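Single-structure report; data block below.
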Amino acid sequence: MKKQVQELIAQSLKSLESKEILPTTEQINITVENSRDSAHGDFATNIAMVLAKVAKTNPRQLAQNIIEYLPESDILEKTEIAGPGFINFFLKQNTHQSVIIDILDKGDNYGDSNIGNNTPTLVEFVSANPTGPLHIGHGRGAAYGAVVANLLKKAGYDVSCEYYVNDAGRQMDILAVSVWLRYLQHCGQDISFPENGYKGDYINDIAIALHLEHADKFVTVPEKLLSLYNEEDAELKIDMLIKYCTEELGKENYRLVFDAGLNHILETIKTDLVNFGVKFDTWFSERSLVDDDIVTTCITKLIENDWVYEKDGAQWFRSSKLGDEKDRVLIRENGQATYFASDIAYHLSKVERGFEKIIDIWGADHHGYIARVKASMQALGLAPEKLEILLVQFATLYRGKERLQMSTRSGEFITLEELQNEVGKDATRFFYIMRKSEQHLDFDMELAKSQSNDNPVYYIQYAHARICSVFRQIPEKGYTYKQEEALKDLSVLTEPQEIKLLSVLARYPEVIENAAQAYEPHQLVYYLKDLANDFHSYYNTSQFLIDNNEIRNARLVLIVAIKQVIKNTLSLIGVSSPEEM
RNA sequence: GCCCUGGUAGCUCAGCUGGAUAGAGCGUCCCCCUCCUAAGGGGAAGGUCGCAGGUUCGACUCCUGCUCAGGGCACCA
């Protein structure tokens, strides 16, 4: 609808140009906005004010000219000039009502758009290290990423969701050692556990399972091990333990212990995400980048193009030449590649797999990383503008006023699974999405759990359930309802609340496009609140199941359309649309 | 010190690529179930949009400086 108005204005401007009232301009953006106040009509444009200067006339005069040259249209009732030079457009009644036909016709696909033009798009999110279960911080990234992906799909992008599995690197070695030590304890050895090992209970579970499968296969003489405990520096100690563990067990056995931990935790993560309604198309292994020599290929390529130099025994990438604060290490003094090196290879892989739009969703604490990744893409000639990095701020959990502290290493944190079990999937997904992602989120479990009007999830779901309830009562009250019949005469929908609802419904496709392009799922939440509010208000003032056939039918199709749009939106967010509550 | 993010009603937050009297929920006060779920609706009070400049027809929105809060500045991930 808005686009049609835009088109009318564009044509008028063309006429004005040919009459030389307006100078010929190249592309101008004609902004048309939804009027906030119905006294200002349905749409308004500021174009006359924007062009007044180049037209060398005053805005109101120009507005008058634009209106005069507006082509005939059967959607417009009238136009008005208002304020400093706004043009307000009033639509004909039947124009509003046609949206119902559109919605029922498209059903679940109402709101689909093709602005994405099937662009191959990769959304990578969560990507938590498989060193422990997902906690509430990961939950926000999971919910946010899933909805961004859903939005992009609906907007016509060809989307794949990927989880990057950090199955290489020191943290994973620490995990393996943690498992091994618990295993030794389980086998009866009297050894203490290092402070910076992973202490969660799940490590014990893995150790026990390891023992069940392999019995005493990984047991070694404790004396040498115990001598390592004299080291006072905790970080150094854990590195020594890793070294000792790999040497003592040998490559093959070490891998068995390592994989036992990795696979167990990865399974937990996968299960948690499935239960949370978050699906990934691919699980991309960091180790595969090393094994397939993609990391070395990248580094070689960088060296060839003189992006690398040696200093203090390490290999450095000249990222400061490409907008980063300083140069970054690729290969450490000890010969190991850094996480950053794998990440360069990973992004090369993303591009090589044909993705035109690459979206990384990271926790806000990684923001310092953006410049170096973009720099590396540029150095490899990979068009860094393809990469879009979205940051998600942290979430803090509250129980009413009480702030729940969480410390990650100690293993005392609330997991996503626990949160979901207590609060429920719908409320959890909704609350995570409710705030703008760059806004810190205070997640109040008490509010999320409350089945009251304070809780926006129930408020919206209730609107859907209420509509279903009305339909259940049609036969009870002795009425019948046929959609084809009802669609024949929508002209009786003339109440201000009905017109309001129709225009909110018509706005939906635009909400999708805006939310998708801005990567802002919270826009869906605010839209739903508006729609639900308008519906509840309508429900309170207007009876649906009444004797007048025309009005009853028209009102029933209207609320069917509302139901459809609520359902479409909730499903994008990953929240169910209950038929009764 | 440098870099991000935020500072809007008592509280939690929206505010679309700058636009016509700044919005919602909660909280406070008042009102509405002989009627399709009151898990609902209506109304009132409540704001120098952190501070100071600037850009222009017009700024919560853009620019500069300052200030407060959170986060980041590793041969860790």
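How things are named: the first chain in the structure tokens is A, the next is B, and so on; residues count from 1 in each chain; ligands count from 1 in the order shown.
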Next item on the list: Using only C-alpha atoms (C1' of nucleotides), find the residues of chain B whose closest atom to chain A is at most 7 Å away, then write them as a PyMOL selection string.
Entry: chain B and resi 4-6+20+36-37+39-41+71-73+75+77
Note to self: Excluding stretch 254-271 of chain A and its own-chain neighbours fewer than 4 positions away, which residues fall within 9 Å of it when counting only C-alpha atoms (C1' of nucleotides)? Please give them as a ChimeraX atom specification.
What the structure shows: /A:128,130-134,165,167,172-173,175-177,179-180,202-203,206-207,209-210,218,245-250,275-276,279
Note to self: Among stretch 225-456 of chain A, which ones does DSSP assign to alpha helix (DSSP H) (computed from the backbone)? Answer as a PyMOL selection string.
What the structure shows: chain A and resi 225-228+234-275+286-291+294-304+339-352+370-379+416-423+425-434+445-449+456
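Here atom CA of A:Lys482 and atom CA of A:Leu558 stand 13.0 Å from one another.
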Tell me, as a PDB file with N, CA and C atoms, in the first residue's frame, which residues lie within 8 Å of A:Phe193, counting only C-alpha atoms (C1' of nucleotides); anything in the same chain fewer than 5 positions away does not count.
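Result went into part.pdb, see below:
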```
ATOM      1  N   SER A 178      41.268 -32.328  32.629  1.00  0.00           N
ATOM      2  CA  SER A 178      40.291 -32.335  33.714  1.00  0.00           C
ATOM      3  C   SER A 178      39.582 -33.688  33.776  1.00  0.00           C
ATOM      4  N   LEU A 181      42.051 -36.398  35.064  1.00  0.00           N
ATOM      5  CA  LEU A 181      42.306 -36.338  36.506  1.00  0.00           C
ATOM      6  C   LEU A 181      41.116 -36.868  37.304  1.00  0.00           C
ATOM      7  N   ARG A 182      39.925 -36.529  36.865  1.00  0.00           N
ATOM      8  CA  ARG A 182      38.730 -37.040  37.544  1.00  0.00           C
ATOM      9  C   ARG A 182      38.668 -38.566  37.402  1.00  0.00           C
TER      10      ARG A 182
END
```
Item checked: strand (DSSP E or B) positions in stretch 275-487 of chain A, given as a PyMOL selection string -> chain A and resi 282-285+308-311+314-317+328-331+337+357-363+387-392+395-399+402-403+407+412+415+441-444
Requested write-out: N, CA and C atoms of the selected residues, as a short mmCIF file (atom, residue, chain, number, x, y, z; two decimals), in the first residue's frame:
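Listed below is the output, result_5.cif:
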```cif
data_model
loop_
_atom_site.label_atom_id
_atom_site.label_comp_id
_atom_site.auth_asym_id
_atom_site.auth_seq_id
_atom_site.Cartn_x
_atom_site.Cartn_y
_atom_site.Cartn_z
N THR A 282 24.70 -26.85 9.99
CA THR A 282 26.04 -27.44 10.00
C THR A 282 26.75 -27.17 11.31
N TRP A 283 27.58 -28.13 11.68
CA TRP A 283 28.45 -28.00 12.86
C TRP A 283 29.86 -28.03 12.31
N PHE A 284 30.49 -26.88 12.33
CA PHE A 284 31.78 -26.76 11.65
C PHE A 284 32.92 -26.94 12.64
N SER A 285 33.79 -27.90 12.36
CA SER A 285 34.86 -28.25 13.29
C SER A 285 36.11 -27.41 13.07
N VAL A 308 52.99 -10.86 6.85
CA VAL A 308 53.46 -11.52 8.06
C VAL A 308 54.93 -11.22 8.30
N TYR A 309 55.30 -11.02 9.55
CA TYR A 309 56.72 -10.87 9.90
C TYR A 309 56.99 -11.61 11.20
N GLU A 310 58.29 -11.79 11.48
CA GLU A 310 58.64 -12.52 12.70
C GLU A 310 59.15 -11.56 13.75
N LYS A 311 58.73 -11.78 14.96
CA LYS A 311 59.22 -10.97 16.08
C LYS A 311 59.14 -11.80 17.35
N ALA A 314 57.79 -15.26 17.29
CA ALA A 314 56.42 -15.52 16.84
C ALA A 314 56.17 -14.92 15.47
N GLN A 315 55.10 -15.41 14.80
CA GLN A 315 54.72 -14.88 13.50
C GLN A 315 53.57 -13.89 13.69
N TRP A 316 53.77 -12.68 13.20
CA TRP A 316 52.77 -11.63 13.40
C TRP A 316 52.10 -11.22 12.10
N PHE A 317 50.83 -10.92 12.22
CA PHE A 317 50.04 -10.43 11.08
C PHE A 317 49.97 -8.91 11.17
N ARG A 328 48.82 -8.68 15.23
CA ARG A 328 48.37 -9.83 16.02
C ARG A 328 49.20 -11.07 15.70
N VAL A 329 49.36 -11.89 16.71
CA VAL A 329 50.15 -13.11 16.54
C VAL A 329 49.35 -14.20 15.85
N LEU A 330 49.99 -14.83 14.86
CA LEU A 330 49.36 -15.97 14.19
C LEU A 330 49.92 -17.29 14.72
N ILE A 331 51.26 -17.33 14.80
CA ILE A 331 51.93 -18.52 15.31
C ILE A 331 52.74 -18.12 16.55
N ALA A 337 49.57 -22.50 16.53
CA ALA A 337 48.78 -21.44 15.89
C ALA A 337 47.80 -20.89 16.92
N LYS A 357 26.67 -13.34 2.02
CA LYS A 357 26.41 -12.55 3.22
C LYS A 357 26.79 -13.44 4.39
N ILE A 358 27.71 -12.95 5.19
CA ILE A 358 28.25 -13.76 6.28
C ILE A 358 27.99 -13.04 7.59
N ILE A 359 27.17 -13.65 8.42
CA ILE A 359 26.81 -13.00 9.68
C ILE A 359 27.40 -13.78 10.84
N ASP A 360 28.19 -13.09 11.64
CA ASP A 360 28.74 -13.69 12.86
C ASP A 360 28.03 -13.04 14.04
N ILE A 361 27.53 -13.83 14.94
CA ILE A 361 26.91 -13.28 16.13
C ILE A 361 27.78 -13.62 17.33
N TRP A 362 28.32 -12.58 17.95
CA TRP A 362 29.27 -12.77 19.05
C TRP A 362 28.76 -12.11 20.32
N GLY A 363 29.32 -12.54 21.42
CA GLY A 363 29.09 -11.85 22.68
C GLY A 363 29.80 -10.51 22.63
N LEU A 387 31.03 -9.51 5.40
CA LEU A 387 30.95 -9.96 6.78
C LEU A 387 30.24 -8.93 7.66
N GLU A 388 29.25 -9.39 8.36
CA GLU A 388 28.48 -8.53 9.26
C GLU A 388 28.60 -9.15 10.64
N ILE A 389 29.16 -8.41 11.58
CA ILE A 389 29.32 -8.96 12.93
C ILE A 389 28.33 -8.31 13.87
N LEU A 390 27.48 -9.10 14.45
CA LEU A 390 26.46 -8.58 15.36
C LEU A 390 26.83 -8.96 16.79
N LEU A 391 26.79 -7.98 17.65
CA LEU A 391 27.17 -8.22 19.04
C LEU A 391 25.94 -8.30 19.94
N VAL A 392 25.99 -9.24 20.82
CA VAL A 392 24.90 -9.39 21.78
C VAL A 392 25.43 -9.11 23.18
N ALA A 395 23.37 -10.99 29.47
CA ALA A 395 22.09 -11.07 30.17
C ALA A 395 22.37 -11.33 31.65
N THR A 396 21.66 -10.66 32.49
CA THR A 396 21.77 -10.88 33.92
C THR A 396 20.46 -11.48 34.41
N LEU A 397 20.61 -12.51 35.21
CA LEU A 397 19.42 -13.21 35.67
C LEU A 397 18.95 -12.67 37.02
N TYR A 398 17.65 -12.45 37.13
CA TYR A 398 17.08 -11.98 38.38
C TYR A 398 15.95 -12.91 38.82
N ARG A 399 15.81 -13.01 40.12
CA ARG A 399 14.61 -13.61 40.68
C ARG A 399 13.92 -12.50 41.42
N GLU A 402 16.23 -10.01 43.32
CA GLU A 402 17.50 -10.64 43.64
C GLU A 402 18.30 -10.97 42.38
N ARG A 403 19.53 -10.50 42.37
CA ARG A 403 20.40 -10.75 41.22
C ARG A 403 21.13 -12.07 41.43
N SER A 407 29.40 -17.72 38.37
CA SER A 407 30.82 -17.79 38.02
C SER A 407 31.01 -19.02 37.16
N GLU A 412 29.58 -23.28 38.94
CA GLU A 412 28.33 -22.88 39.58
C GLU A 412 27.65 -21.83 38.73
N THR A 415 22.35 -23.18 34.01
CA THR A 415 22.44 -23.58 32.61
C THR A 415 21.17 -23.19 31.87
N LEU A 441 20.53 -7.03 29.12
CA LEU A 441 19.22 -7.62 29.40
C LEU A 441 19.12 -8.06 30.86
N ASP A 442 18.12 -7.54 31.53
CA ASP A 442 17.80 -8.05 32.86
C ASP A 442 16.68 -9.06 32.69
N PHE A 443 17.02 -10.30 32.92
CA PHE A 443 16.04 -11.37 32.72
C PHE A 443 15.44 -11.73 34.07
N ASP A 444 14.20 -11.36 34.26
CA ASP A 444 13.55 -11.62 35.53
C ASP A 444 12.75 -12.92 35.45
#
```
Note to self: Just want the 9 Å neighbourhood of B:A22, counted on only C-alpha atoms (C1' of nucleotides), with same-chain residues fewer than 4 positions away dropped. Output as a VMD selection string.
What the structure shows: chain B and resid 8 15 47 49 60
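One finds atom CA of A:Leu524 at 25.6 Å from atom CA of A:Leu91.
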Item checked: Residue among A:Ile562, A:Ala518, A:Val219, A:Ile136 lying closest to B:C16, counting only C-alpha atoms (C1' of nucleotides) -> A:Ala518
